[in-house]
Amino acid sequence: MSRSNSPPTDQQSAFSSLRIPAYRALWWAGLFSFMSVQMQFLLRGILAWELTEREGALGLTYMVFGATMLIATPLGGVATDRFPKRRVLLLSQSLITLAAVAMGIVVILGIEQFWMLLVAGVAQGAAFGFYGPARVAMAADLVGRDQLGNAITLSLLSMSGTRVFAPSLAGVLAGVAAVGIGGAYLISAAFSVISLINVLRVPNIAATSPGNRNPLAEIREGVRYVAARPELKRLVVCSFVVIMFGFNYVAFIPALVEGVFDLDDVWVGVISSASSVGAIAVSIPLARRADSAGAKNIMIIAGLLFGAGVVVLGQAPSFWFAFVAVAFIGAFTTGYQSLSNTLALGMAEKSYQGRVQSLMQLSFAGFGIAALPLGALAEILGLRVAIAVMGSVALAAMVAYTVLERSPAAQEPAVVSQK
């Protein structure tokens with residue numbers, strides 16, 4: 001998409017991308033989508049804990065979500081390159097809406113069962129697998145490469161902002177008898193519908209890749225494309241490990257609050273929103289520097305502190321200590337995610353951006369899959385030990401990435417095949 005009709009933007013403005021009307025519509029769509037998803041994320045954990053009171057069950061709900069994403073995300077990358085991105089966004093957001101409505105109805109009717117949470121996890125995993133690559137690649141189309149870091153950071157700001165309100169809102173509503181978990185699910189579905197309306201305001205940009213090829217062949221081509229570029233490959237692999245293990249602390253927040261600190265659902269929402277407090281605090285200054293020459297160094301520091309923060313969370317002696325730790329983790333997560341995504345897309349040609357972004361998004365599939373064995377580890381060795389392991393693996397991955405990036409071999413120009 002040409003940017004000739006776009007209004008001029010100030011590179012130093014933290015909100016410069018929002019001056020572009022098409023991106024602004026996409027931003028609002030993301031805001032309401034994240035509001036819905038964050039509520040469902042927490043509600044699924046609360047319901048799983050109430051139905052089973054087992055960390056392993058919490059891990060299983062996220063494992064199903066992750067396993068589905070593992071299959072759907074590469075296909076989502078192909079779809080993003082092959083079809084108009086708005087169509088991909090509409091279909092995936094519709095599936096998120098249907099999952100929320102279905103869960104709300106079964107809970108209100110009092111017929112909810114654990115296996116229904118697994119089905120909802122499959123639906124959301126499939127939707128995420130398509131929605132994530134399409135949304136980020138669409139942002140690149142709408143703002144161009146010179147504003148890409150700013151746009152991605154602002155997208156994460158919308159997600160972080162919803163984490164301040166959505167978990168607290170979901171926790172409060174779940175604890176109110178007149179609304180309950182079922183009513184909270186239906187409210188999340190309403191936010192999802194608002195997101196759909198905003199997606200309709202986004203331009204229907206034509207696909208960048210031919211649509212008559214075998215999807216599996218296109219996935220393999222995308223993997224080969226990344227593998228042939230050492231700098232991009234290091235970034236994708238590191239991001240996968242960091243998010244797969246480090247971000248898993250989120251899945252066990254209900255167990256930490258209710259099982260370790262002996263508090264109720266409302267406090268699950270409170271501590272979940274803490275990460276957003278830190279994320280919002282860092283997002284605006286980060287948006288100013290996301291397209292700067294020092295972005296990679298900022299990303300490395302944020303990743304190292306993220307892993308260390310999760311280790312500290314595992315040793316938190318009290319709820320409020322954990323609250324502060326989660327706030328810092330939220331800030332470092334936002335810094336790492338926004339800059340790693342920006343760098344990855346900046347290294348990719350336009351016709352490969354959907355598939356490159358899908359490989360970055362696979363880290364969330366890994367996050368869901370790792371939740372099951374980590375849940376089992378928590379039951380055997382204790383939740384605190386399991387959370388410390390999550391942070392330690394993420395920290396080790398960032399140390400390895402930093403060493404490799406500083407090595408003499410990494411400074412040599414790569415010879416890339418043009419096949």
# chains A, B, ... in the order shown; residues from 1 in each chain; ligands from 1
>>> closest_atom_pairs(of="region 166-207 of chain A", to="region 41-51 of chain A", cutoff="10 Å", atoms="only C-alpha atoms", output="tab-separated table")
residue	atom	partner	partner_atom	distance
A:Ala166	CA	A:Leu42	CA	8.7
A:Pro167	CA	A:Leu42	CA	6.2
A:Ser168	CA	A:Leu42	CA	9.2
A:Ala170	CA	A:Leu43	CA	6.7
A:Gly171	CA	A:Leu43	CA	7.5
A:Leu173	CA	A:Leu43	CA	9.9
A:Ala174	CA	A:Leu43	CA	7.7
A:Ile181	CA	A:Leu43	CA	6.7
A:Gly182	CA	A:Leu43	CA	9.1
A:Ala184	CA	A:Leu43	CA	7.9
A:Tyr185	CA	A:Leu43	CA	7.5
A:Ser188	CA	A:Leu43	CA	9.9
>>> write_last_selection(atoms="C-alpha atoms", output="short mmCIF file (atom, residue, chain, number, x, y, z; two decimals), in the first residue's frame")
data_model
loop_
_atom_site.label_atom_id
_atom_site.label_comp_id
_atom_site.auth_asym_id
_atom_site.auth_seq_id
_atom_site.Cartn_x
_atom_site.Cartn_y
_atom_site.Cartn_z
CA ALA A 166 -9.68 -6.36 31.66
CA PRO A 167 -8.36 -8.83 34.27
CA SER A 168 -9.64 -6.69 37.13
CA ALA A 170 -13.22 -10.03 34.72
CA GLY A 171 -12.22 -10.90 38.29
CA LEU A 173 -17.55 -9.57 37.51
CA ALA A 174 -16.80 -13.24 38.19
CA ILE A 181 -18.27 -16.03 35.18
CA GLY A 182 -20.97 -16.61 32.55
CA ALA A 184 -18.32 -11.90 32.28
CA TYR A 185 -17.81 -14.15 29.24
CA SER A 188 -16.06 -10.08 26.71
#
>>> residues_around(residues="region 262-266 of chain A", least_positions_apart="3", cutoff="6 Å", atoms="only C-alpha atoms", output="list in words")
Gly171, Val172, Val257, Glu258, Gly259 and Gly269 of chain A
>>> residues_around(residues="Arg220 (chain A)", least_positions_apart="2", cutoff="12 Å", atoms="only C-alpha atoms", output="list in words")
Pro74, Leu75, Gly77, Val78, Arg213, Asn214, Pro215, Leu216, Ala217, Glu218, Gly222, Val223, Arg224, Tyr225, Val226, Ala227, Tyr352, Arg355, Val356 and Leu359 of chain A
>>> write_last_selection(atoms="N, CA and C atoms", output="PDB file, in the first residue's frame")
ATOM      1  N   PRO A  74       1.579 -21.237  11.532  1.00  0.00           N
ATOM      2  CA  PRO A  74       2.203 -21.238  10.204  1.00  0.00           C
ATOM      3  C   PRO A  74       1.188 -21.068   9.078  1.00  0.00           C
ATOM      4  N   LEU A  75       0.014 -21.683   9.231  1.00  0.00           N
ATOM      5  CA  LEU A  75      -1.042 -21.504   8.227  1.00  0.00           C
ATOM      6  C   LEU A  75      -1.536 -20.061   8.232  1.00  0.00           C
ATOM      7  N   GLY A  77       0.317 -17.473   8.864  1.00  0.00           N
ATOM      8  CA  GLY A  77       1.320 -16.700   8.136  1.00  0.00           C
ATOM      9  C   GLY A  77       1.144 -16.810   6.634  1.00  0.00           C
ATOM     10  N   VAL A  78       0.856 -18.019   6.164  1.00  0.00           N
ATOM     11  CA  VAL A  78       0.592 -18.219   4.729  1.00  0.00           C
ATOM     12  C   VAL A  78      -0.648 -17.447   4.303  1.00  0.00           C
ATOM     13  N   ARG A 213      -0.569 -21.726  -4.647  1.00  0.00           N
ATOM     14  CA  ARG A 213       0.491 -22.654  -4.276  1.00  0.00           C
ATOM     15  C   ARG A 213       0.071 -23.487  -3.079  1.00  0.00           C
ATOM     16  N   ASN A 214       0.786 -24.604  -2.890  1.00  0.00           N
ATOM     17  CA  ASN A 214       0.528 -25.495  -1.760  1.00  0.00           C
ATOM     18  C   ASN A 214       0.917 -24.782  -0.460  1.00  0.00           C
ATOM     19  N   PRO A 215      -0.014 -24.680   0.511  1.00  0.00           N
ATOM     20  CA  PRO A 215       0.311 -23.985   1.764  1.00  0.00           C
ATOM     21  C   PRO A 215       1.524 -24.566   2.480  1.00  0.00           C
ATOM     22  N   LEU A 216       1.668 -25.903   2.467  1.00  0.00           N
ATOM     23  CA  LEU A 216       2.815 -26.520   3.137  1.00  0.00           C
ATOM     24  C   LEU A 216       4.119 -26.117   2.466  1.00  0.00           C
ATOM     25  N   ALA A 217       4.082 -25.984   1.124  1.00  0.00           N
ATOM     26  CA  ALA A 217       5.276 -25.539   0.408  1.00  0.00           C
ATOM     27  C   ALA A 217       5.623 -24.104   0.783  1.00  0.00           C
ATOM     28  N   GLU A 218       4.605 -23.279   0.977  1.00  0.00           N
ATOM     29  CA  GLU A 218       4.851 -21.890   1.373  1.00  0.00           C
ATOM     30  C   GLU A 218       5.403 -21.801   2.793  1.00  0.00           C
ATOM     31  N   GLY A 222       9.023 -20.267   3.837  1.00  0.00           N
ATOM     32  CA  GLY A 222       9.213 -19.269   4.877  1.00  0.00           C
ATOM     33  C   GLY A 222      10.272 -19.688   5.875  1.00  0.00           C
ATOM     34  N   VAL A 223      10.272 -20.971   6.252  1.00  0.00           N
ATOM     35  CA  VAL A 223      11.285 -21.479   7.187  1.00  0.00           C
ATOM     36  C   VAL A 223      12.674 -21.389   6.564  1.00  0.00           C
ATOM     37  N   ARG A 224      12.788 -21.764   5.284  1.00  0.00           N
ATOM     38  CA  ARG A 224      14.082 -21.671   4.598  1.00  0.00           C
ATOM     39  C   ARG A 224      14.551 -20.218   4.509  1.00  0.00           C
ATOM     40  N   TYR A 225      13.616 -19.326   4.302  1.00  0.00           N
ATOM     41  CA  TYR A 225      13.947 -17.898   4.214  1.00  0.00           C
ATOM     42  C   TYR A 225      14.595 -17.417   5.519  1.00  0.00           C
ATOM     43  N   VAL A 226      14.001 -17.795   6.648  1.00  0.00           N
ATOM     44  CA  VAL A 226      14.558 -17.401   7.949  1.00  0.00           C
ATOM     45  C   VAL A 226      15.877 -18.110   8.208  1.00  0.00           C
ATOM     46  N   ALA A 227      15.936 -19.415   7.896  1.00  0.00           N
ATOM     47  CA  ALA A 227      17.149 -20.199   8.161  1.00  0.00           C
ATOM     48  C   ALA A 227      18.355 -19.675   7.386  1.00  0.00           C
ATOM     49  N   TYR A 352       7.346 -11.870   2.540  1.00  0.00           N
ATOM     50  CA  TYR A 352       7.582 -12.892   3.560  1.00  0.00           C
ATOM     51  C   TYR A 352       7.174 -12.432   4.960  1.00  0.00           C
ATOM     52  N   ARG A 355       4.747 -14.728   6.992  1.00  0.00           N
ATOM     53  CA  ARG A 355       5.329 -15.995   7.444  1.00  0.00           C
ATOM     54  C   ARG A 355       6.407 -15.777   8.509  1.00  0.00           C
ATOM     55  N   VAL A 356       7.178 -14.712   8.379  1.00  0.00           N
ATOM     56  CA  VAL A 356       8.166 -14.406   9.418  1.00  0.00           C
ATOM     57  C   VAL A 356       7.457 -14.091  10.734  1.00  0.00           C
ATOM     58  N   LEU A 359       6.240 -17.178  12.477  1.00  0.00           N
ATOM     59  CA  LEU A 359       7.281 -17.892  13.222  1.00  0.00           C
ATOM     60  C   LEU A 359       7.553 -17.205  14.558  1.00  0.00           C
TER      61      LEU A 359
END
>>> closest_residue(among="A:Val268, A:Leu395, A:Val199, A:Leu362", to="Val326 (chain A)", atoms="only C-alpha atoms")
A:Val268
>>> select_by_dssp(residues="region 43-235 of chain A", states="alpha helix (DSSP H)", output="PyMOL selection string")
chain A and resi 43-52+55-82+85-109+114-143+148-175+180-199+215-227+230-235
>>> write_last_selection(atoms="C-alpha atoms", output="compact mmCIF listing (two decimals), in the first residue's frame")
# COMPACT_ATOMS: atom_id res chain seq x y z
CA LEU A 43 -11.86 -16.40 33.14
CA ARG A 44 -10.54 -19.63 31.64
CA GLY A 45 -7.92 -19.88 34.39
CA ILE A 46 -10.42 -19.12 37.17
CA LEU A 47 -12.94 -21.65 35.84
CA ALA A 48 -10.29 -24.34 35.36
CA TRP A 49 -9.08 -23.85 38.94
CA GLU A 50 -12.60 -23.88 40.37
CA LEU A 51 -13.50 -27.05 38.47
CA THR A 52 -10.33 -28.99 39.37
CA GLU A 55 -2.07 -26.77 38.65
CA GLY A 56 -1.86 -29.57 36.09
CA ALA A 57 -5.37 -28.74 34.87
CA LEU A 58 -4.36 -25.08 34.44
CA GLY A 59 -1.38 -26.24 32.43
CA LEU A 60 -3.55 -28.51 30.28
CA THR A 61 -5.92 -25.70 29.28
CA TYR A 62 -3.00 -23.65 28.02
CA MET A 63 -1.29 -26.66 26.45
CA VAL A 64 -4.35 -27.27 24.28
CA PHE A 65 -4.35 -23.60 23.33
CA GLY A 66 -0.65 -23.75 22.45
CA ALA A 67 -0.82 -27.03 20.52
CA THR A 68 -3.58 -25.58 18.35
CA MET A 69 -1.54 -22.43 17.78
CA LEU A 70 1.43 -24.57 16.79
CA ILE A 71 -0.61 -25.91 13.87
CA ALA A 72 -2.59 -22.76 13.06
CA THR A 73 0.13 -20.11 13.23
CA PRO A 74 2.20 -21.24 10.20
CA LEU A 75 -1.04 -21.50 8.23
CA GLY A 76 -1.95 -18.04 9.51
CA GLY A 77 1.32 -16.70 8.14
CA VAL A 78 0.59 -18.22 4.73
CA ALA A 79 -2.96 -16.84 4.80
CA THR A 80 -1.62 -13.38 5.70
CA ASP A 81 0.66 -13.36 2.65
CA ARG A 82 -1.89 -15.03 0.35
CA LYS A 85 -5.38 -9.28 5.64
CA ARG A 86 -8.70 -7.71 6.62
CA ARG A 87 -10.49 -10.93 5.68
CA VAL A 88 -8.12 -12.93 7.88
CA LEU A 89 -8.72 -10.54 10.79
CA LEU A 90 -12.51 -10.70 10.40
CA LEU A 91 -12.66 -14.49 10.35
CA SER A 92 -10.31 -14.97 13.31
CA GLN A 93 -12.04 -12.30 15.41
CA SER A 94 -15.41 -13.93 14.66
CA LEU A 95 -14.11 -17.22 16.05
CA ILE A 96 -12.94 -15.47 19.23
CA THR A 97 -16.43 -13.99 19.60
CA LEU A 98 -18.19 -17.34 19.13
CA ALA A 99 -15.97 -19.04 21.73
CA ALA A 100 -16.80 -16.36 24.30
CA VAL A 101 -20.53 -16.56 23.62
CA ALA A 102 -20.54 -20.36 23.87
CA MET A 103 -18.66 -20.41 27.19
CA GLY A 104 -20.91 -17.69 28.60
CA ILE A 105 -24.04 -19.66 27.75
CA VAL A 106 -22.87 -22.98 29.21
CA VAL A 107 -21.75 -21.32 32.46
CA ILE A 108 -25.04 -19.44 32.82
CA LEU A 109 -26.94 -22.69 32.23
CA PHE A 114 -13.62 -29.00 32.09
CA TRP A 115 -13.57 -30.44 28.57
CA MET A 116 -15.51 -27.39 27.35
CA LEU A 117 -12.61 -25.20 28.43
CA LEU A 118 -10.35 -27.35 26.26
CA VAL A 119 -12.65 -26.89 23.25
CA ALA A 120 -12.68 -23.13 23.85
CA GLY A 121 -8.88 -23.24 24.05
CA VAL A 122 -8.73 -24.96 20.66
CA ALA A 123 -10.99 -22.29 19.12
CA GLN A 124 -8.96 -19.43 20.57
CA GLY A 125 -5.66 -21.04 19.62
CA ALA A 126 -6.82 -21.36 16.01
CA ALA A 127 -8.04 -17.76 15.98
CA PHE A 128 -4.81 -16.44 17.50
CA GLY A 129 -2.76 -18.36 14.96
CA PHE A 130 -4.32 -16.32 12.16
CA TYR A 131 -5.04 -13.02 13.95
CA GLY A 132 -1.52 -12.33 15.24
CA PRO A 133 0.46 -12.48 11.97
CA ALA A 134 -2.30 -10.65 10.05
CA ARG A 135 -2.52 -7.78 12.55
CA VAL A 136 1.21 -7.10 12.72
CA ALA A 137 1.74 -7.46 8.95
CA MET A 138 -1.26 -5.17 8.35
CA ALA A 139 0.36 -2.53 10.57
CA ALA A 140 3.48 -2.71 8.40
CA ASP A 141 1.33 -2.15 5.29
CA LEU A 142 -0.44 0.84 6.78
CA VAL A 143 2.49 2.78 8.27
CA LEU A 148 6.93 0.15 12.04
CA GLY A 149 8.53 0.14 15.49
CA ASN A 150 6.27 2.96 16.64
CA ALA A 151 3.16 1.16 15.32
CA ILE A 152 4.03 -2.17 16.95
CA THR A 153 4.85 -0.49 20.27
CA LEU A 154 1.52 1.35 20.21
CA SER A 155 -0.24 -1.93 19.42
CA LEU A 156 1.38 -3.46 22.47
CA LEU A 157 0.41 -0.35 24.45
CA SER A 158 -3.25 -1.06 23.61
CA MET A 159 -2.78 -4.66 24.74
CA SER A 160 -1.02 -3.54 27.91
CA GLY A 161 -3.68 -0.96 28.65
CA THR A 162 -6.40 -3.58 28.48
CA ARG A 163 -4.42 -5.71 30.93
CA VAL A 164 -4.87 -2.95 33.50
CA PHE A 165 -8.66 -3.06 33.25
CA ALA A 166 -9.68 -6.36 31.66
CA PRO A 167 -8.36 -8.83 34.27
CA SER A 168 -9.64 -6.69 37.13
CA LEU A 169 -13.01 -6.29 35.41
CA ALA A 170 -13.22 -10.03 34.72
CA GLY A 171 -12.22 -10.90 38.29
CA VAL A 172 -14.71 -8.47 39.81
CA LEU A 173 -17.55 -9.57 37.51
CA ALA A 174 -16.80 -13.24 38.19
CA GLY A 175 -17.16 -12.58 41.91
CA GLY A 180 -20.69 -14.33 37.53
CA ILE A 181 -18.27 -16.03 35.18
CA GLY A 182 -20.97 -16.61 32.55
CA GLY A 183 -21.98 -12.96 32.40
CA ALA A 184 -18.32 -11.90 32.28
CA TYR A 185 -17.81 -14.15 29.24
CA LEU A 186 -20.75 -12.49 27.45
CA ILE A 187 -19.38 -9.02 28.22
CA SER A 188 -16.06 -10.08 26.71
CA ALA A 189 -17.99 -11.22 23.61
CA ALA A 190 -19.51 -7.73 23.33
CA PHE A 191 -16.03 -6.19 23.26
CA SER A 192 -15.10 -8.66 20.54
CA VAL A 193 -18.06 -7.50 18.42
CA ILE A 194 -16.86 -3.88 18.74
CA SER A 195 -13.47 -5.06 17.47
CA LEU A 196 -15.15 -6.62 14.42
CA ILE A 197 -16.86 -3.32 13.62
CA ASN A 198 -13.51 -1.51 13.70
CA VAL A 199 -11.83 -4.11 11.48
CA PRO A 215 0.31 -23.99 1.76
CA LEU A 216 2.81 -26.52 3.14
CA ALA A 217 5.28 -25.54 0.41
CA GLU A 218 4.85 -21.89 1.37
CA ILE A 219 5.46 -22.71 5.04
CA ARG A 220 8.66 -24.58 4.12
CA GLU A 221 9.74 -21.65 1.95
CA GLY A 222 9.21 -19.27 4.88
CA VAL A 223 11.29 -21.48 7.19
CA ARG A 224 14.08 -21.67 4.60
CA TYR A 225 13.95 -17.90 4.21
CA VAL A 226 14.56 -17.40 7.95
CA ALA A 227 17.15 -20.20 8.16
CA PRO A 230 21.55 -15.98 10.55
CA GLU A 231 20.64 -12.70 12.28
CA LEU A 232 16.93 -13.26 11.71
CA LYS A 233 17.22 -16.93 12.69
CA ARG A 234 18.89 -16.08 16.01
CA LEU A 235 16.16 -13.59 16.79
>>> atom_distance(atom1="CA of Pro84 (chain A)", atom2="CA of Glu349 (chain A)")
17.4 Å
>>> atom_distance(atom1="CA of Ala255 (chain A)", atom2="CA of Phe321 (chain A)")
16.2 Å
>>> closest_residue(among="A:Phe34, A:Phe83, A:Tyr23, A:Phe323", to="Ser351 (chain A)", atoms="only C-alpha atoms")
A:Phe83
>>> closest_atom_pairs(of="region 281-333 of chain A", to="region 371-393 of chain A", cutoff="6 Å", atoms="only C-alpha atoms", output="Markdown table")
| residue | atom | partner | partner_atom | distance |
| --- | --- | --- | --- | --- |
| A:Gly307 | CA | A:Gly391 | CA | 4.5 |
| A:Val310 | CA | A:Gly391 | CA | 4.6 |
| A:Val311 | CA | A:Ala388 | CA | 4.3 |
| A:Gly314 | CA | A:Arg384 | CA | 4.5 |
>>> closest_residue(among="A:Val37, A:Ala400, A:Ala322, A:Leu343", to="Gly309 (chain A)", atoms="only C-alpha atoms")
A:Ala322
>>> atom_distance(atom1="CA of Ser33 (chain A)", atom2="CA of Lys296 (chain A)")
28.7 Å
>>> closest_residue(among="A:Thr334, A:Ser358, A:Ser16, A:Thr402", to="Asp146 (chain A)", atoms="only C-alpha atoms")
A:Ser16
